[in-house]
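Engineer: Input: one structure, supplied below.
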Amino acid sequence: MEPVTAQVIAKDKVGEWIEQLMAEAEVIAPVLAHGGDEVFAAIRSPGQVLWEFTNPLHPPKQFLLPQTDPVVAIRRGSNRYELEAIVDERRRILLNVRSCDVTGLVFLQRMHTADLPDDTYVRRAAAVTVVCLACSQPCPLGFCICSAAGPFAREGYDVQLSDLGDRLLAEVGSERGGELLAAAGGLFRPASPEELARRHELEEQAKQMFGEQTCHFGSAMRRVSTGRVAEDLWARMADWCLECGACNFVCPTCYCFSVKDRHESDGWVRCRTWDSCQYAAFTREASGHNPREERGDRIKRRFFHKVSAQYYQRDGMVGCVGCGRCIEVCLGTTDMPAVVAAIRKGEWHG
Amino acid sequence: MDSLFLPQVARILDVRDETPDTKTFRVVLRDRAAQDGFEFQPGQFVELSVFGYGEAPFCIASSPTRSECLEFTVRRAGQLTDALHRLGPGDEIGLRGPCGNGFDVAAAAGRDLLFVGGGIGLPPLRGLIWNVLDQRERFGHVTILYGARTPADLVYKDELKLWAERSDVEFLVTVDRAAPGWDGIVGMVPVLFDRIELRPSTSLVYVCGPPVMISFVIQDLLMRGFPEEAIISTLERMMQCGVGKCNHCAIGHRYVCRDGPVFSYSQIKELVE
């Protein structure tokens, strides 16, 4: 029998499906928080799940790479320490993740399995099921199409949902995704050829709807990778950077961290915590010497890591998924499209 | 698969004062079998934990040919090293590693070796020096040049005497500023180049010290005809994870903790911030 790769669920059955998922695992989805912000959070009922939303300001990376991530328990006995790796293999389902964020998780998975595999991340990620909700229209600041991260995801999801009006089409992206739908006890039925055609139509329509927001990675990559960006351009961009680190913290692909010990009753927990390459202390050595003392050097570093050919060859993708969050949070204007445009044109207008 | 971040517990055997702010710690892994099986190359480093303070990278200052314990020479420069300096024999710390690439000792066989150390830059070379001296017949001429700011800043004072006494080693030391009782050479490290026979075509040069010192020593060596690929240094960077993940030590797309810390000058030249 041909494996079924796409199924359909009526929208009035989705609540029932989510209840089933909640019985199996912690379900994390975009919900409306107090104060009206849309955030990813563990849901308590299917009705909380948002189906029409821009995209929460924080990507779901926090569930795979928590801001403070306990990695080693350090217990103090009488004149003797015991150390134990902390393993987090909670079964979780990330529901309604947009394609940009799914692609961000692909990036994080690659980075954490390359060279020396990071067991802490890999084991946590292995217990997480990703259900993508494809975008039928671009979000106002999004430019995912420029890095092939949307509006529909190509990889990285277990199930990808698209909105066919009164029903959802569910594409299977992995064995686990197939099992997830198979376990739904008849809530899904195989998709018809017309429904599959409609899904492709939706993707094409969404692509046509991208407007002004764009990001020319190709020419920026050429200049950044060959050092053909004037040093004073970085310096002038740096005048607009407040070194707040927000671009790093909301970025689905940023993963830099520092390691700290947090005090607990019987010892400490060694944690890795998000850090920012835009902070001066990021490279300051114990001697006081700092190879990236200048803000411009730090901006240069950020964009080298994001768009250089050297990193592209290593990671197989640019370090930007076009979600547009850095545009939203930057108090200056040193967001990805603005900096890429400046690199490309050799001009900076702030 | 084990966690990349899980240290082993190690015990401090003893602590030796080197200078007013620098101590050498002799350390063994608590698990005897792990200590016996601990393999490393000179030039590699480990992450040492002081529990409650976190961890930081330190080069292994001892030689793999002397594996009964591991030695680390640490200057007091911040919270973690201050806490480490307060520990003594029997105290437990964490040790994770070895990390990084280390010196390619096999590739040095048959060559003349010139070591150039500055201040606290001697410890990474010291492991290699003893490694070489413990199999002395494999190498050509061995020359060790060492400089520090003042006589009080010289580390391994007892070992410097041993090197000076050996007939199969040429050893010279200098200080930037003399002090009462110092009757030796005064001046920056390169002043020693004029006092020895340099062998640019047959030598490998190992340079370690403060960034400024490394920079002017390398420029001097290049002018004296040493090839770029024969000049080898070990780089310092702010490091956290030691396993190529946290990005603190990245230079371009290279990671000092994974691709280094040992680089030839021909490689260093290609590193672009």
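Just remember, in the structure tokens the first chain shown is A, the second B, etc., residues are 1-based per chain, and ligands are 1-based in the order shown.
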Can you write out as CSV which residues of chain A fall within 7 Å of chain B, alongside each residue's closest atom pair and its distance in Å to one decimal, counting only C-alpha atoms and ordering rows by chain and ascending residue number?

Structural biologist:
```
residue,atom,partner,partner_atom,distance
A:Val71,CA,B:Phe5,CA,6.8
A:Val72,CA,B:Leu6,CA,6.2
A:Glu84,CA,B:Leu6,CA,6.9
A:Ala85,CA,B:Leu6,CA,5.8
A:Asp118,CA,B:Leu4,CA,6.1
A:Asp119,CA,B:Ser3,CA,5.2
A:Thr120,CA,B:Ser3,CA,6.1
A:Cys256,CA,B:Cys246,CA,4.7
A:Phe257,CA,B:Cys246,CA,5.0
A:Ser258,CA,B:Gln240,CA,6.0
A:Val259,CA,B:Gln240,CA,6.4
A:Lys260,CA,B:Gly54,CA,5.1
A:Asp261,CA,B:Gly54,CA,5.1
A:Arg262,CA,B:Gly52,CA,7.0
A:His263,CA,B:Gly52,CA,6.8
A:Trp268,CA,B:Gly52,CA,6.1
A:Phe282,CA,B:His248,CA,6.2
A:Thr283,CA,B:Met238,CA,5.2
A:Arg284,CA,B:Met238,CA,6.0
A:Glu285,CA,B:Met238,CA,4.8
A:Ala286,CA,B:Ala77,CA,5.9
A:Ser287,CA,B:Ala77,CA,6.9
A:Gln310,CA,B:His253,CA,6.3
A:Tyr311,CA,B:His253,CA,6.2
```

Engineer: Name the residues in contact with Ser99 of chain A at a cut-off of 9 Å, using only C-alpha atoms, excluding same-chain residues fewer than 3 positions from it; report them as number ranges by chain.

Structural biologist: A: 102-104, 132-135, 144, 149-157, 160, 321

Engineer: Which residues, written as a PDB file with C-alpha atoms, in the first residue's frame, have at least one atom at most 9 Å from Ser225 of chain A, with only C-alpha atoms counted and residues fewer than 2 positions away on the same chain left out?

Structural biologist:
```pdb
ATOM      1  CA  ALA A 220      25.500  40.216   1.058  1.00  0.00           C
ATOM      2  CA  MET A 221      27.054  36.755   1.302  1.00  0.00           C
ATOM      3  CA  ARG A 222      29.501  37.563  -1.444  1.00  0.00           C
ATOM      4  CA  ARG A 223      30.653  40.770   0.228  1.00  0.00           C
ATOM      5  CA  GLY A 227      35.751  40.926   3.478  1.00  0.00           C
ATOM      6  CA  ARG A 228      34.452  43.462   0.977  1.00  0.00           C
ATOM      7  CA  PHE A 304      29.403  37.021   9.306  1.00  0.00           C
ATOM      8  CA  VAL A 307      25.253  35.148   6.094  1.00  0.00           C
ATOM      9  CA  SER A 308      28.856  34.259   5.235  1.00  0.00           C
ATOM     10  CA  ALA A 309      29.584  31.540   2.679  1.00  0.00           C
ATOM     11  CA  GLN A 310      31.958  30.014   5.218  1.00  0.00           C
TER      12      GLN A 310
END
```

Engineer: Which residues, written as a VMD selection string, have at least one atom at most 12 Å from segment 165-172 of chain B, with only C-alpha atoms counted and residues fewer than 3 positions away on the same chain left out?

Structural biologist: chain B and resid 112 to 117 129 to 130 132 to 137 139 to 148 158 to 162 175 184 to 187 189 to 198

Engineer: Report as a tab-separated table (two decimals) with C-alpha atoms, in the first residue's frame all protein, DNA and RNA residues lying within 12 Å of Phe38 of chain B, evaluated on only C-alpha atoms, omitting residues in the same chain fewer than 5 positions from it.

Structural biologist:
```tsv
chain	number	residue	atom	x	y	z
B	8	GLN	CA	34.72	14.41	36.01
B	28	VAL	CA	44.29	13.72	39.63
B	29	LEU	CA	40.92	12.44	38.51
B	30	ARG	CA	39.09	10.87	41.44
B	31	ASP	CA	38.36	7.82	39.31
B	32	ARG	CA	41.75	6.12	39.22
B	33	ALA	CA	41.03	4.22	35.99
B	46	VAL	CA	40.64	21.27	29.86
B	60	ILE	CA	47.47	21.31	30.54
B	63	SER	CA	53.57	16.41	29.75
B	64	PRO	CA	51.77	13.23	28.70
B	65	THR	CA	55.06	11.46	29.37
B	66	ARG	CA	54.51	12.23	33.07
B	67	SER	CA	50.95	11.05	33.47
B	68	GLU	CA	50.72	10.33	37.19
B	69	CYS	CA	48.91	13.65	37.53
B	70	LEU	CA	47.89	16.72	35.53
B	95	LEU	CA	37.63	18.57	34.96
B	96	ARG	CA	36.28	18.23	31.44
B	97	GLY	CA	38.38	17.41	28.43
B	98	PRO	CA	40.90	17.27	26.95
```

Engineer: So which residues touch Ala10 of chain A within 8 Å, counting only C-alpha atoms, skipping near sequence neighbours fewer than 6 positions away, as a ChimeraX atom specification?

Structural biologist: /A:166-168,187-188

Engineer: Please produce a file of the residues just selected, as a CSV table (one decimal), in the first residue's frame, where the atoms kept are N, CA and C atoms.

Structural biologist:
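Result saved to out-v5.csv:
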```csv
chain,number,residue,atom,x,y,z
A,166,ASP,N,-12.9,25.0,5.7
A,166,ASP,CA,-13.6,24.3,6.7
A,166,ASP,C,-12.8,23.0,7.2
A,167,ARG,N,-11.6,22.8,6.6
A,167,ARG,CA,-10.8,21.7,7.1
A,167,ARG,C,-9.4,22.0,7.0
A,168,LEU,N,-8.6,21.2,7.6
A,168,LEU,CA,-7.1,21.3,7.6
A,168,LEU,C,-6.5,20.1,6.8
A,187,LEU,N,-10.2,10.5,13.0
A,187,LEU,CA,-10.5,11.9,12.9
A,187,LEU,C,-10.0,12.4,11.5
A,188,PHE,N,-9.0,11.8,11.0
A,188,PHE,CA,-8.4,12.2,9.7
A,188,PHE,C,-8.8,11.2,8.6
```

Engineer: Which residues come within 9 Å of Gly209 of chain B, counting only C-alpha atoms, excluding same-chain residues fewer than 2 positions away, as a PyMOL selection string?

Structural biologist: chain B and resi 116-122+207+211-214+233-235

Engineer: I need the residues of segment 12-215 of chain B that end up classed as alpha helix (DSSP H) by DSSP on the backbone, written out as an MDAnalysis selection string.

Structural biologist: chainID B and resid 32:36 79:85 122:133 157:165 211:215

Engineer: Save out the residues we just selected, N, CA and C atoms, as an mmCIF file, in the first residue's frame.

Structural biologist:
```
data_model
loop_
_atom_site.group_PDB
_atom_site.id
_atom_site.type_symbol
_atom_site.label_atom_id
_atom_site.label_comp_id
_atom_site.auth_asym_id
_atom_site.auth_seq_id
_atom_site.Cartn_x
_atom_site.Cartn_y
_atom_site.Cartn_z
ATOM 1 N N ARG B 32 40.375 6.515 39.516
ATOM 2 C CA ARG B 32 41.751 6.120 39.223
ATOM 3 C C ARG B 32 41.916 5.616 37.774
ATOM 4 N N ALA B 33 40.945 4.786 37.340
ATOM 5 C CA ALA B 33 41.032 4.222 35.989
ATOM 6 C C ALA B 33 40.942 5.337 34.943
ATOM 7 N N ALA B 34 40.106 6.319 35.221
ATOM 8 C CA ALA B 34 39.969 7.437 34.280
ATOM 9 C C ALA B 34 41.264 8.227 34.209
ATOM 10 N N GLN B 35 41.928 8.390 35.382
ATOM 11 C CA GLN B 35 43.205 9.108 35.388
ATOM 12 C C GLN B 35 44.250 8.334 34.572
ATOM 13 N N ASP B 36 44.307 7.010 34.795
ATOM 14 C CA ASP B 36 45.287 6.195 34.070
ATOM 15 C C ASP B 36 45.004 6.213 32.568
ATOM 16 N N GLN B 79 36.818 35.906 39.344
ATOM 17 C CA GLN B 79 36.133 35.206 40.444
ATOM 18 C C GLN B 79 36.508 33.730 40.508
ATOM 19 N N LEU B 80 36.483 33.070 39.327
ATOM 20 C CA LEU B 80 36.712 31.630 39.332
ATOM 21 C C LEU B 80 38.146 31.302 39.731
ATOM 22 N N THR B 81 39.102 32.039 39.161
ATOM 23 C CA THR B 81 40.500 31.738 39.488
ATOM 24 C C THR B 81 40.812 32.151 40.924
ATOM 25 N N ASP B 82 40.121 33.167 41.430
ATOM 26 C CA ASP B 82 40.296 33.555 42.827
ATOM 27 C C ASP B 82 39.814 32.425 43.732
ATOM 28 N N ALA B 83 38.654 31.839 43.377
ATOM 29 C CA ALA B 83 38.118 30.719 44.159
ATOM 30 C C ALA B 83 39.051 29.513 44.067
ATOM 31 N N LEU B 84 39.602 29.276 42.881
ATOM 32 C CA LEU B 84 40.524 28.151 42.701
ATOM 33 C C LEU B 84 41.767 28.340 43.567
ATOM 34 N N HIS B 85 42.237 29.585 43.628
ATOM 35 C CA HIS B 85 43.438 29.877 44.424
ATOM 36 C C HIS B 85 43.212 29.646 45.919
ATOM 37 N N LEU B 122 54.278 30.647 29.299
ATOM 38 C CA LEU B 122 55.160 29.471 29.344
ATOM 39 C C LEU B 122 54.403 28.169 29.629
ATOM 40 N N PRO B 123 53.374 28.170 30.491
ATOM 41 C CA PRO B 123 52.698 26.894 30.816
ATOM 42 C C PRO B 123 52.266 26.061 29.611
ATOM 43 N N PRO B 124 51.659 26.615 28.552
ATOM 44 C CA PRO B 124 51.281 25.737 27.431
ATOM 45 C C PRO B 124 52.507 25.119 26.753
ATOM 46 N N LEU B 125 53.642 25.837 26.791
ATOM 47 C CA LEU B 125 54.858 25.312 26.170
ATOM 48 C C LEU B 125 55.552 24.304 27.076
ATOM 49 N N ARG B 126 55.360 24.461 28.371
ATOM 50 C CA ARG B 126 56.086 23.623 29.329
ATOM 51 C C ARG B 126 55.739 22.143 29.158
ATOM 52 N N GLY B 127 54.440 21.849 28.912
ATOM 53 C CA GLY B 127 54.049 20.454 28.678
ATOM 54 C C GLY B 127 54.755 19.889 27.471
ATOM 55 N N LEU B 128 54.868 20.694 26.431
ATOM 56 C CA LEU B 128 55.534 20.263 25.200
ATOM 57 C C LEU B 128 57.038 20.126 25.429
ATOM 58 N N ILE B 129 57.595 21.084 26.186
ATOM 59 C CA ILE B 129 59.044 21.047 26.448
ATOM 60 C C ILE B 129 59.429 19.749 27.173
ATOM 61 N N TRP B 130 58.699 19.417 28.224
ATOM 62 C CA TRP B 130 59.036 18.178 28.952
ATOM 63 C C TRP B 130 58.763 16.956 28.083
ATOM 64 N N ASN B 131 57.726 17.039 27.253
ATOM 65 C CA ASN B 131 57.432 15.947 26.327
ATOM 66 C C ASN B 131 58.613 15.714 25.393
ATOM 67 N N VAL B 132 59.195 16.810 24.930
ATOM 68 C CA VAL B 132 60.359 16.734 24.036
ATOM 69 C C VAL B 132 61.587 16.241 24.808
ATOM 70 N N LEU B 133 61.811 16.792 25.990
ATOM 71 C CA LEU B 133 63.018 16.426 26.746
ATOM 72 C C LEU B 133 62.973 14.979 27.218
ATOM 73 N N LYS B 157 60.427 28.459 38.484
ATOM 74 C CA LYS B 157 61.816 28.887 38.710
ATOM 75 C C LYS B 157 62.761 27.700 38.882
ATOM 76 N N ASP B 158 62.285 26.628 39.569
ATOM 77 C CA ASP B 158 63.158 25.458 39.766
ATOM 78 C C ASP B 158 63.450 24.769 38.442
ATOM 79 N N GLU B 159 62.441 24.721 37.582
ATOM 80 C CA GLU B 159 62.635 24.025 36.302
ATOM 81 C C GLU B 159 63.501 24.841 35.356
ATOM 82 N N LEU B 160 63.421 26.141 35.451
ATOM 83 C CA LEU B 160 64.277 26.985 34.610
ATOM 84 C C LEU B 160 65.738 26.649 34.892
ATOM 85 N N LYS B 161 66.035 26.397 36.180
ATOM 86 C CA LYS B 161 67.416 26.018 36.551
ATOM 87 C C LYS B 161 67.796 24.696 35.906
ATOM 88 N N LEU B 162 66.859 23.731 35.945
ATOM 89 C CA LEU B 162 67.138 22.421 35.336
ATOM 90 C C LEU B 162 67.432 22.576 33.844
ATOM 91 N N TRP B 163 66.625 23.405 33.172
ATOM 92 C CA TRP B 163 66.846 23.592 31.733
ATOM 93 C C TRP B 163 68.197 24.264 31.494
ATOM 94 N N ALA B 164 68.522 25.244 32.355
ATOM 95 C CA ALA B 164 69.778 25.976 32.183
ATOM 96 C C ALA B 164 70.989 25.051 32.380
ATOM 97 N N GLU B 165 70.828 24.055 33.259
ATOM 98 C CA GLU B 165 71.957 23.166 33.571
ATOM 99 C C GLU B 165 72.171 22.094 32.501
ATOM 100 N N PRO B 211 49.156 38.568 23.750
ATOM 101 C CA PRO B 211 48.933 38.830 22.326
ATOM 102 C C PRO B 211 49.957 39.783 21.715
ATOM 103 N N VAL B 212 50.295 40.842 22.438
ATOM 104 C CA VAL B 212 51.247 41.818 21.894
ATOM 105 C C VAL B 212 52.614 41.178 21.690
ATOM 106 N N MET B 213 53.029 40.393 22.690
ATOM 107 C CA MET B 213 54.333 39.727 22.609
ATOM 108 C C MET B 213 54.354 38.750 21.438
ATOM 109 N N ILE B 214 53.280 37.956 21.297
ATOM 110 C CA ILE B 214 53.212 36.992 20.187
ATOM 111 C C ILE B 214 53.373 37.733 18.868
ATOM 112 N N SER B 215 52.654 38.848 18.768
ATOM 113 C CA SER B 215 52.652 39.602 17.532
ATOM 114 C C SER B 215 54.050 40.087 17.163
#
```

Engineer: Write out as a PDB file with N, CA and C atoms, in the first residue's frame the set of residues from segment 139-185 of chain B that DSSP, computed on the backbone, places in strand (DSSP E or B).

Structural biologist:
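So states-v8.pdb came out as:
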```
ATOM      1  N   VAL B 142      67.533  21.943  20.749  1.00  0.00           N
ATOM      2  CA  VAL B 142      66.394  22.461  21.505  1.00  0.00           C
ATOM      3  C   VAL B 142      66.814  23.756  22.187  1.00  0.00           C
ATOM      4  N   THR B 143      66.117  24.837  21.858  1.00  0.00           N
ATOM      5  CA  THR B 143      66.427  26.143  22.430  1.00  0.00           C
ATOM      6  C   THR B 143      65.177  26.690  23.106  1.00  0.00           C
ATOM      7  N   ILE B 144      65.338  27.152  24.333  1.00  0.00           N
ATOM      8  CA  ILE B 144      64.196  27.701  25.071  1.00  0.00           C
ATOM      9  C   ILE B 144      64.511  29.146  25.442  1.00  0.00           C
ATOM     10  N   LEU B 145      63.669  30.064  24.990  1.00  0.00           N
ATOM     11  CA  LEU B 145      63.812  31.478  25.344  1.00  0.00           C
ATOM     12  C   LEU B 145      62.586  31.877  26.165  1.00  0.00           C
ATOM     13  N   TYR B 146      62.855  32.553  27.264  1.00  0.00           N
ATOM     14  CA  TYR B 146      61.738  32.911  28.143  1.00  0.00           C
ATOM     15  C   TYR B 146      61.914  34.335  28.639  1.00  0.00           C
ATOM     16  N   GLY B 147      60.829  35.087  28.615  1.00  0.00           N
ATOM     17  CA  GLY B 147      60.875  36.449  29.127  1.00  0.00           C
ATOM     18  C   GLY B 147      59.681  36.736  30.026  1.00  0.00           C
ATOM     19  N   ALA B 148      59.890  37.590  31.003  1.00  0.00           N
ATOM     20  CA  ALA B 148      58.793  38.016  31.862  1.00  0.00           C
ATOM     21  C   ALA B 148      59.011  39.490  32.195  1.00  0.00           C
ATOM     22  N   GLU B 170      69.614  24.646  25.027  1.00  0.00           N
ATOM     23  CA  GLU B 170      70.095  26.017  25.154  1.00  0.00           C
ATOM     24  C   GLU B 170      68.970  26.832  25.767  1.00  0.00           C
ATOM     25  N   PHE B 171      69.228  27.431  26.895  1.00  0.00           N
ATOM     26  CA  PHE B 171      68.160  28.135  27.606  1.00  0.00           C
ATOM     27  C   PHE B 171      68.606  29.549  27.964  1.00  0.00           C
ATOM     28  N   LEU B 172      67.803  30.539  27.601  1.00  0.00           N
ATOM     29  CA  LEU B 172      68.090  31.925  27.963  1.00  0.00           C
ATOM     30  C   LEU B 172      66.828  32.562  28.520  1.00  0.00           C
ATOM     31  N   VAL B 173      67.020  33.430  29.496  1.00  0.00           N
ATOM     32  CA  VAL B 173      65.870  34.098  30.099  1.00  0.00           C
ATOM     33  C   VAL B 173      66.153  35.592  30.189  1.00  0.00           C
ATOM     34  N   THR B 174      65.124  36.372  30.041  1.00  0.00           N
ATOM     35  CA  THR B 174      65.277  37.828  30.138  1.00  0.00           C
ATOM     36  C   THR B 174      64.087  38.407  30.898  1.00  0.00           C
ATOM     37  N   VAL B 175      64.283  39.587  31.441  1.00  0.00           N
ATOM     38  CA  VAL B 175      63.160  40.302  32.079  1.00  0.00           C
ATOM     39  C   VAL B 175      63.095  41.713  31.493  1.00  0.00           C
ATOM     40  N   ILE B 185      69.876  38.877  31.847  1.00  0.00           N
ATOM     41  CA  ILE B 185      69.621  39.717  30.685  1.00  0.00           C
ATOM     42  C   ILE B 185      68.377  40.571  30.941  1.00  0.00           C
TER      43      ILE B 185
END
```

Engineer: For Val8 of chain A, which residue among A:Val159, A:Ala341, A:Val318, A:Leu141 is the nearest when counting only C-alpha atoms?

Structural biologist: A:Val159

Engineer: Between A:Ala73, A:Leu161, A:Cys244, A:Val329, which is the closest to Ser265 of chain A once you count only C-alpha atoms?

Structural biologist: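 Closest residue, counting only C-alpha atoms: A:Ala73.
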
Engineer: Report, in Å with one decimal, the straight-line distance from atom CA of Asp239 of chain A to atom CA of Gly211 of chain A.

Structural biologist: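 These atoms are spaced 28.8 Å apart.
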
Engineer: Would you work out the distance separating atom CA of Ala109 of chain B from atom CA of Gln219 of chain B, expressed in Å to one decimal?

Structural biologist: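 Straight-line distance from atom CA of Ala109 of chain B to atom CA of Gln219 of chain B works out to 25.3 Å.
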
Engineer: Please indicate the distance in Å from atom CA of Phe210 of chain A to atom CA of Ser136 of chain A, rounded to one decimal place.

Structural biologist: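 We find that atom CA of Phe210 of chain A and atom CA of Ser136 of chain A lie 11.0 Å from each other.
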